[in-house]
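Participant: My structure is stored as input.pdb, with PDB, C-alpha atoms.
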ATOM      1  CA  MET A   1       0.000   0.000   0.000  1.00  0.00           C
ATOM      2  CA  SER A   2       1.348   3.373  -1.009  1.00  0.00           C
ATOM      3  CA  GLU A   3       0.095   6.728  -2.116  1.00  0.00           C
ATOM      4  CA  SER A   4       0.190   5.472  -5.710  1.00  0.00           C
ATOM      5  CA  ASN A   5      -1.601   2.213  -4.805  1.00  0.00           C
ATOM      6  CA  PRO A   6      -4.218   3.009  -2.119  1.00  0.00           C
ATOM      7  CA  ILE A   7      -6.520   0.378  -0.658  1.00  0.00           C
ATOM      8  CA  ARG A   8     -10.014   0.715  -2.122  1.00  0.00           C
ATOM      9  CA  VAL A   9     -12.586   0.822   0.700  1.00  0.00           C
ATOM     10  CA  PHE A  10     -16.377   0.622   0.518  1.00  0.00           C
ATOM     11  CA  ALA A  11     -18.514   1.549   3.546  1.00  0.00           C
ATOM     12  CA  THR A  12     -22.135   0.390   3.673  1.00  0.00           C
ATOM     13  CA  HIS A  13     -24.665   3.173   3.246  1.00  0.00           C
ATOM     14  CA  ASN A  14     -28.319   3.724   2.504  1.00  0.00           C
ATOM     15  CA  PHE A  15     -27.581   6.296  -0.186  1.00  0.00           C
ATOM     16  CA  ASP A  16     -27.005   8.968   2.443  1.00  0.00           C
ATOM     17  CA  GLU A  17     -23.952  10.104   4.399  1.00  0.00           C
ATOM     18  CA  SER A  18     -24.973   9.065   7.898  1.00  0.00           C
ATOM     19  CA  ASP A  19     -22.976  10.019  10.993  1.00  0.00           C
ATOM     20  CA  ASP A  20     -21.369   6.568  11.182  1.00  0.00           C
ATOM     21  CA  TYR A  21     -20.538   6.626   7.466  1.00  0.00           C
ATOM     22  CA  LEU A  22     -18.733   9.962   7.827  1.00  0.00           C
ATOM     23  CA  ARG A  23     -17.115   8.814  11.079  1.00  0.00           C
ATOM     24  CA  VAL A  24     -15.416   5.862   9.322  1.00  0.00           C
ATOM     25  CA  PHE A  25     -13.526   8.195   7.025  1.00  0.00           C
ATOM     26  CA  GLU A  26     -12.762  10.680   9.823  1.00  0.00           C
ATOM     27  CA  PHE A  27     -11.093   7.811  11.714  1.00  0.00           C
ATOM     28  CA  LEU A  28      -9.141   6.687   8.627  1.00  0.00           C
ATOM     29  CA  GLU A  29      -7.976  10.228   7.860  1.00  0.00           C
ATOM     30  CA  CYS A  30      -6.327  10.414  11.313  1.00  0.00           C
ATOM     31  CA  VAL A  31      -3.855   7.631  10.513  1.00  0.00           C
ATOM     32  CA  ASP A  32      -0.447   8.659   9.154  1.00  0.00           C
ATOM     33  CA  ARG A  33       0.789   6.908   6.018  1.00  0.00           C
ATOM     34  CA  PHE A  34      -2.436   4.987   5.460  1.00  0.00           C
ATOM     35  CA  TYR A  35      -3.568   5.498   1.906  1.00  0.00           C
ATOM     36  CA  TYR A  36      -7.072   4.532   0.877  1.00  0.00           C
ATOM     37  CA  LEU A  37      -9.633   5.420  -1.741  1.00  0.00           C
ATOM     38  CA  ASN A  38     -13.308   5.659  -0.792  1.00  0.00           C
ATOM     39  CA  VAL A  39     -15.207   3.866  -3.560  1.00  0.00           C
ATOM     40  CA  SER A  40     -18.611   4.082  -1.865  1.00  0.00           C
ATOM     41  CA  LYS A  41     -20.742   6.793  -3.428  1.00  0.00           C
ATOM     42  CA  PRO A  42     -23.913   7.422  -1.408  1.00  0.00           C
ATOM     43  CA  GLU A  43     -24.642  10.428  -3.601  1.00  0.00           C
ATOM     44  CA  ASN A  44     -25.035   8.154  -6.669  1.00  0.00           C
ATOM     45  CA  MET A  45     -28.634   7.185  -5.963  1.00  0.00           C
ATOM     46  CA  PRO A  46     -30.167   6.182  -9.315  1.00  0.00           C
ATOM     47  CA  THR A  47     -33.137   8.383 -10.205  1.00  0.00           C
ATOM     48  CA  THR A  48     -34.434   6.132 -12.963  1.00  0.00           C
ATOM     49  CA  GLY A  49     -34.438   2.413 -13.631  1.00  0.00           C
ATOM     50  CA  GLY A  50     -36.013   1.307 -10.356  1.00  0.00           C
ATOM     51  CA  GLY A  51     -34.691  -1.588  -8.320  1.00  0.00           C
ATOM     52  CA  GLN A  52     -32.438  -2.955 -11.055  1.00  0.00           C
ATOM     53  CA  ALA A  53     -30.619   0.381 -11.415  1.00  0.00           C
ATOM     54  CA  LEU A  54     -30.164   0.465  -7.631  1.00  0.00           C
ATOM     55  CA  ARG A  55     -28.720  -3.069  -7.606  1.00  0.00           C
ATOM     56  CA  ASP A  56     -26.430  -2.276 -10.546  1.00  0.00           C
ATOM     57  CA  GLU A  57     -25.081   0.811  -8.756  1.00  0.00           C
ATOM     58  CA  ILE A  58     -24.418  -1.167  -5.559  1.00  0.00           C
ATOM     59  CA  ILE A  59     -22.702  -3.952  -7.508  1.00  0.00           C
ATOM     60  CA  ALA A  60     -20.422  -1.462  -9.282  1.00  0.00           C
ATOM     61  CA  GLN A  61     -19.462   0.272  -6.021  1.00  0.00           C
ATOM     62  CA  VAL A  62     -18.794  -2.927  -4.065  1.00  0.00           C
ATOM     63  CA  LYS A  63     -16.874  -4.595  -6.920  1.00  0.00           C
ATOM     64  CA  ALA A  64     -14.539  -1.581  -7.063  1.00  0.00           C
ATOM     65  CA  SER A  65     -13.442  -2.233  -3.461  1.00  0.00           C
ATOM     66  CA  GLU A  66     -10.882  -4.447  -1.753  1.00  0.00           C
ATOM     67  CA  ALA A  67     -12.622  -4.345   1.642  1.00  0.00           C
ATOM     68  CA  VAL A  68     -16.158  -3.585   2.767  1.00  0.00           C
ATOM     69  CA  ILE A  69     -16.767  -1.792   6.051  1.00  0.00           C
ATOM     70  CA  VAL A  70     -20.137  -2.902   7.400  1.00  0.00           C
ATOM     71  CA  LEU A  71     -21.910  -0.424   9.651  1.00  0.00           C
ATOM     72  CA  ALA A  72     -24.435  -1.891  12.070  1.00  0.00           C
ATOM     73  CA  SER A  73     -26.359   1.396  11.998  1.00  0.00           C
ATOM     74  CA  ALA A  74     -26.846   1.160   8.208  1.00  0.00           C
ATOM     75  CA  TRP A  75     -27.988  -2.442   8.610  1.00  0.00           C
ATOM     76  CA  GLU A  76     -30.523  -1.428  11.280  1.00  0.00           C
ATOM     77  CA  GLN A  77     -31.958   1.199   8.919  1.00  0.00           C
ATOM     78  CA  ASN A  78     -32.199  -1.043   5.840  1.00  0.00           C
ATOM     79  CA  LYS A  79     -31.382  -4.704   6.404  1.00  0.00           C
ATOM     80  CA  ASP A  80     -32.227  -5.762   2.837  1.00  0.00           C
ATOM     81  CA  LEU A  81     -29.925  -3.206   1.186  1.00  0.00           C
ATOM     82  CA  VAL A  82     -26.944  -3.885   3.482  1.00  0.00           C
ATOM     83  CA  ASN A  83     -27.471  -7.657   3.193  1.00  0.00           C
ATOM     84  CA  PHE A  84     -27.372  -7.241  -0.592  1.00  0.00           C
ATOM     85  CA  MET A  85     -24.107  -5.275  -0.321  1.00  0.00           C
ATOM     86  CA  MET A  86     -22.631  -8.043   1.806  1.00  0.00           C
ATOM     87  CA  LYS A  87     -23.780 -10.745  -0.643  1.00  0.00           C
ATOM     88  CA  VAL A  88     -22.166  -8.859  -3.529  1.00  0.00           C
ATOM     89  CA  ALA A  89     -18.932  -8.641  -1.521  1.00  0.00           C
ATOM     90  CA  GLU A  90     -19.053 -12.346  -0.726  1.00  0.00           C
ATOM     91  CA  ALA A  91     -19.736 -13.272  -4.346  1.00  0.00           C
ATOM     92  CA  ASN A  92     -16.660 -11.279  -5.380  1.00  0.00           C
ATOM     93  CA  GLN A  93     -14.411 -12.587  -2.554  1.00  0.00           C
ATOM     94  CA  ILE A  94     -14.220  -9.145  -0.925  1.00  0.00           C
ATOM     95  CA  ALA A  95     -13.718  -9.178   2.840  1.00  0.00           C
ATOM     96  CA  LYS A  96     -16.412  -7.737   5.109  1.00  0.00           C
ATOM     97  CA  ILE A  97     -15.306  -5.903   8.265  1.00  0.00           C
ATOM     98  CA  LEU A  98     -18.086  -5.245  10.766  1.00  0.00           C
ATOM     99  CA  ILE A  99     -17.649  -2.310  13.142  1.00  0.00           C
ATOM    100  CA  LYS A 100     -19.516  -2.574  16.442  1.00  0.00           C
ATOM    101  CA  PRO A 101     -22.257   0.015  17.047  1.00  0.00           C
ATOM    102  CA  PHE A 102     -20.731   3.378  17.953  1.00  0.00           C
ATOM    103  CA  GLY A 103     -20.731   4.326  21.617  1.00  0.00           C
ATOM    104  CA  GLY A 104     -20.443   0.819  23.033  1.00  0.00           C
ATOM    105  CA  LEU A 105     -23.988   0.791  24.419  1.00  0.00           C
ATOM    106  CA  GLN A 106     -25.234  -1.937  22.086  1.00  0.00           C
ATOM    107  CA  GLU A 107     -23.846  -5.193  20.765  1.00  0.00           C
ATOM    108  CA  SER A 108     -23.670  -6.056  17.094  1.00  0.00           C
ATOM    109  CA  PRO A 109     -26.599  -8.187  15.918  1.00  0.00           C
ATOM    110  CA  PRO A 110     -25.487 -11.863  15.941  1.00  0.00           C
ATOM    111  CA  GLU A 111     -26.808 -12.484  12.412  1.00  0.00           C
ATOM    112  CA  LEU A 112     -24.623  -9.633  11.154  1.00  0.00           C
ATOM    113  CA  VAL A 113     -21.562 -10.894  13.050  1.00  0.00           C
ATOM    114  CA  ALA A 114     -22.043 -14.303  11.407  1.00  0.00           C
ATOM    115  CA  LEU A 115     -21.819 -12.726   7.933  1.00  0.00           C
ATOM    116  CA  ALA A 116     -18.657 -10.691   8.635  1.00  0.00           C
ATOM    117  CA  ASP A 117     -15.065 -11.813   8.113  1.00  0.00           C
ATOM    118  CA  GLU A 118     -13.858  -9.652  10.994  1.00  0.00           C
ATOM    119  CA  HIS A 119     -15.594  -7.842  13.868  1.00  0.00           C
ATOM    120  CA  ILE A 120     -13.865  -4.778  15.339  1.00  0.00           C
ATOM    121  CA  GLU A 121     -14.283  -1.776  17.646  1.00  0.00           C
ATOM    122  CA  TRP A 122     -14.443   1.902  16.682  1.00  0.00           C
ATOM    123  CA  ASN A 123     -10.706   2.493  16.842  1.00  0.00           C
ATOM    124  CA  ASP A 124      -8.587   3.959  14.040  1.00  0.00           C
ATOM    125  CA  ARG A 125      -5.753   1.516  14.643  1.00  0.00           C
ATOM    126  CA  GLU A 126      -8.050  -1.529  14.639  1.00  0.00           C
ATOM    127  CA  MET A 127      -9.810  -0.275  11.526  1.00  0.00           C
ATOM    128  CA  VAL A 128      -6.593   0.230   9.575  1.00  0.00           C
ATOM    129  CA  ASP A 129      -5.126  -3.088  10.729  1.00  0.00           C
ATOM    130  CA  ALA A 130      -8.318  -4.948   9.749  1.00  0.00           C
ATOM    131  CA  ILE A 131      -8.443  -3.246   6.344  1.00  0.00           C
ATOM    132  CA  LYS A 132      -4.786  -4.059   5.623  1.00  0.00           C
ATOM    133  CA  ARG A 133      -5.224  -7.630   6.812  1.00  0.00           C
ATOM    134  CA  GLN A 134      -8.456  -8.316   4.921  1.00  0.00           C
ATOM    135  CA  ALA A 135      -7.755  -6.342   1.729  1.00  0.00           C
ATOM    136  CA  ARG A 136      -4.083  -7.087   1.124  1.00  0.00           C
ATOM    137  CA  GLY A 137      -3.176  -9.868   3.560  1.00  0.00           C
ATOM    138  CA  GLU A 138      -0.677  -7.581   5.321  1.00  0.00           C
ATOM    139  CA  ASP A 139       0.293  -8.588   8.837  1.00  0.00           C
ATOM    140  CA  THR A 140       0.263  -5.475  10.975  1.00  0.00           C
ATOM    141  CA  THR A 141       1.912  -6.568  14.181  1.00  0.00           C
ATOM    142  CA  ARG A 142       2.733  -3.340  15.919  1.00  0.00           C
ATOM    143  CA  TRP A 143       4.057  -2.460  19.318  1.00  0.00           C
ATOM    144  CA  GLU A 144       2.286  -0.015  21.543  1.00  0.00           C
ATOM    145  CA  VAL A 145       4.647   2.774  22.604  1.00  0.00           C
ATOM    146  CA  VAL A 146       3.963   4.459  25.908  1.00  0.00           C
ATOM    147  CA  ASP A 147       5.614   7.813  26.522  1.00  0.00           C
ATOM    148  CA  PHE A 148       6.276   8.828  30.113  1.00  0.00           C
ATOM    149  CA  PRO A 149       6.903  12.576  30.472  1.00  0.00           C
ATOM    150  CA  GLY A 150      10.128  13.329  32.303  1.00  0.00           C
ATOM    151  CA  PHE A 151      11.782  10.068  31.240  1.00  0.00           C
ATOM    152  CA  ASP A 152      13.702   8.874  28.228  1.00  0.00           C
ATOM    153  CA  GLU A 153      15.309   5.517  27.368  1.00  0.00           C
ATOM    154  CA  SER A 154      18.114   6.200  29.899  1.00  0.00           C
ATOM    155  CA  GLY A 155      15.844   7.059  32.824  1.00  0.00           C
ATOM    156  CA  PRO A 156      14.731  10.336  34.461  1.00  0.00           C
ATOM    157  CA  ILE A 157      15.483  13.534  32.589  1.00  0.00           C
ATOM    158  CA  GLU A 158      17.235  16.073  34.809  1.00  0.00           C
TER     159      GLU A 158
END
I need this file expressed as structure tokens, please.

Facilitator:
Amino acid sequence: MSESNPIRVFATHNFDESDDYLRVFEFLECVDRFYYLNVSKPENMPTTGGGQALRDEIIAQVKASEAVIVLASAWEQNKDLVNFMMKVAEANQIAKILIKPFGGLQESPPELVALADEHIEWNDREMVDAIKRQARGEDTTRWEVVDFPGFDESGPIE
């Protein structure tokens, strides 16, 4: 993954930019040296063609991705549409990453967890690691660095 080869990410939507939808990309923008391309286009709601045009638009968006971020809130609003997005991803061997409901007050629906390849928290590091792992097979073993003010690697700073 580099600036010239970003990971293509699709986030489930109901053809609107919900708070959770926007939050996904706010979290991803906070991560240094993580390059991605948002291929989900909630603004591309077909105005003609009915249900088939809607399905064709979803298929095109999902097929353009390497990983699908599944939002429980979008699923709660329109189970059929999000289930269709997940089926398209599965049919095209695109990984599905479910993010738990924001705020930690609710659990993810078990039927949604069963359909996901990975189930994660709202955390920019977890999101990026899951995307890299599922989209490109990159192992992202990282060490947590804790900084203690007033100390360096040699001990107390005088």

Participant: Can you spell out as a list in words the set of residues that the PyMOL selection byres ((chain A and resi 134) around 9) selects in the structure I just provided?

Facilitator: Glu66, Ala67, Ile94, Ala95, Lys96, Ile97, Asp117, Glu118, Asp129, Ala130, Ile131, Lys132, Arg133, Ala135, Arg136, Gly137 and Glu138 of chain A

Participant: Residues of region 107-126 of chain A that approach region 29-33 of chain A to 12 Å or less, counting all atoms listed in the file: could you list each one with the shortest pair of atoms and its distance in Å to one decimal, rows by chain and increasing residue number, as JSON lines?

Facilitator:
{"residue": "A:Asn123", "atom": "CA", "partner": "A:Cys30", "partner_atom": "CA", "distance": 10.6}
{"residue": "A:Asp124", "atom": "CA", "partner": "A:Val31", "partner_atom": "CA", "distance": 7.0}
{"residue": "A:Arg125", "atom": "CA", "partner": "A:Val31", "partner_atom": "CA", "distance": 7.6}
{"residue": "A:Glu126", "atom": "CA", "partner": "A:Val31", "partner_atom": "CA", "distance": 10.9}

Participant: With distances taken over all atoms listed in the file, which residue among A:Ile7, A:Met45, A:Val113, A:Ile59 lies nearest Ala91 (chain A)?

Facilitator: A:Ile59

Participant: Decode the PyMOL selection byres ((chain A and resi 13) around 12) for the given file into explicit residues and return them as number ranges by chain.

Facilitator: A: 10-12, 14-22, 24, 39-45, 58, 61-62, 68-86

Participant: Could you list, as a PyMOL selection string, every residue within 6 Å of Ile99 (chain A), counting only C-alpha atoms and ignoring same-chain residues fewer than 4 positions away?

Facilitator: chain A and resi 71+119-121

Participant: For Asn5 (chain A), which residue among A:Pro110, A:Leu28, A:Leu37, A:Thr48 is the nearest when counting all atoms listed in the file?

Facilitator: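 Ranked by minimum distance to Asn5 (chain A), first place goes to A:Leu37.
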
Participant: Quote the spacing between CA of Ser2 (chain A) and CA of Tyr35 (chain A) in Å to one decimal place.

Facilitator: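 Value for the CA of Ser2 (chain A)-CA of Tyr35 (chain A) distance: 6.1 Å.
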
Participant: So how many Å separate CA of Leu98 (chain A) and CA of Leu115 (chain A), to one decimal?

Facilitator: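 One can read the CA of Leu98 (chain A) to CA of Leu115 (chain A) distance as 8.8 Å.
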
Participant: For Met127 (chain A), which residue out of A:Glu90, A:Glu26, A:Asp56, A:Glu158 is the nearest one, using all atoms listed in the file?

Facilitator: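 Among the listed residues, the smallest separation from Met127 (chain A) belongs to A:Glu26.
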
Participant: What does the structure give for the distance between CA of Arg8 (chain A) and CA of Lys63 (chain A), in Å to one decimal?

Facilitator: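 These two atoms are separated by 9.9 Å.
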
Participant: Could you check which of A:Gln93, A:Phe25, A:Gln52, A:Lys87 is closest to Val9 (chain A), using only C-alpha atoms?

Facilitator: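 Distance minimum relative to Val9 (chain A) lands on A:Phe25.
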
Participant: Measuring between all atoms listed in the file, which one of A:Ser108, A:Ser4, A:Thr47, A:Ser154 shows the shortest distance to Phe34 (chain A)?

Facilitator: A:Ser4

Participant: Which residue out of A:Pro109, A:Pro149, A:Pro101, A:Gly50 has the minimum interatomic distance to Arg23 (chain A) when all atoms listed in the file are used?

Facilitator: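 When distances to Arg23 (chain A) are compared using all atoms listed in the file, the smallest one comes from A:Pro101.
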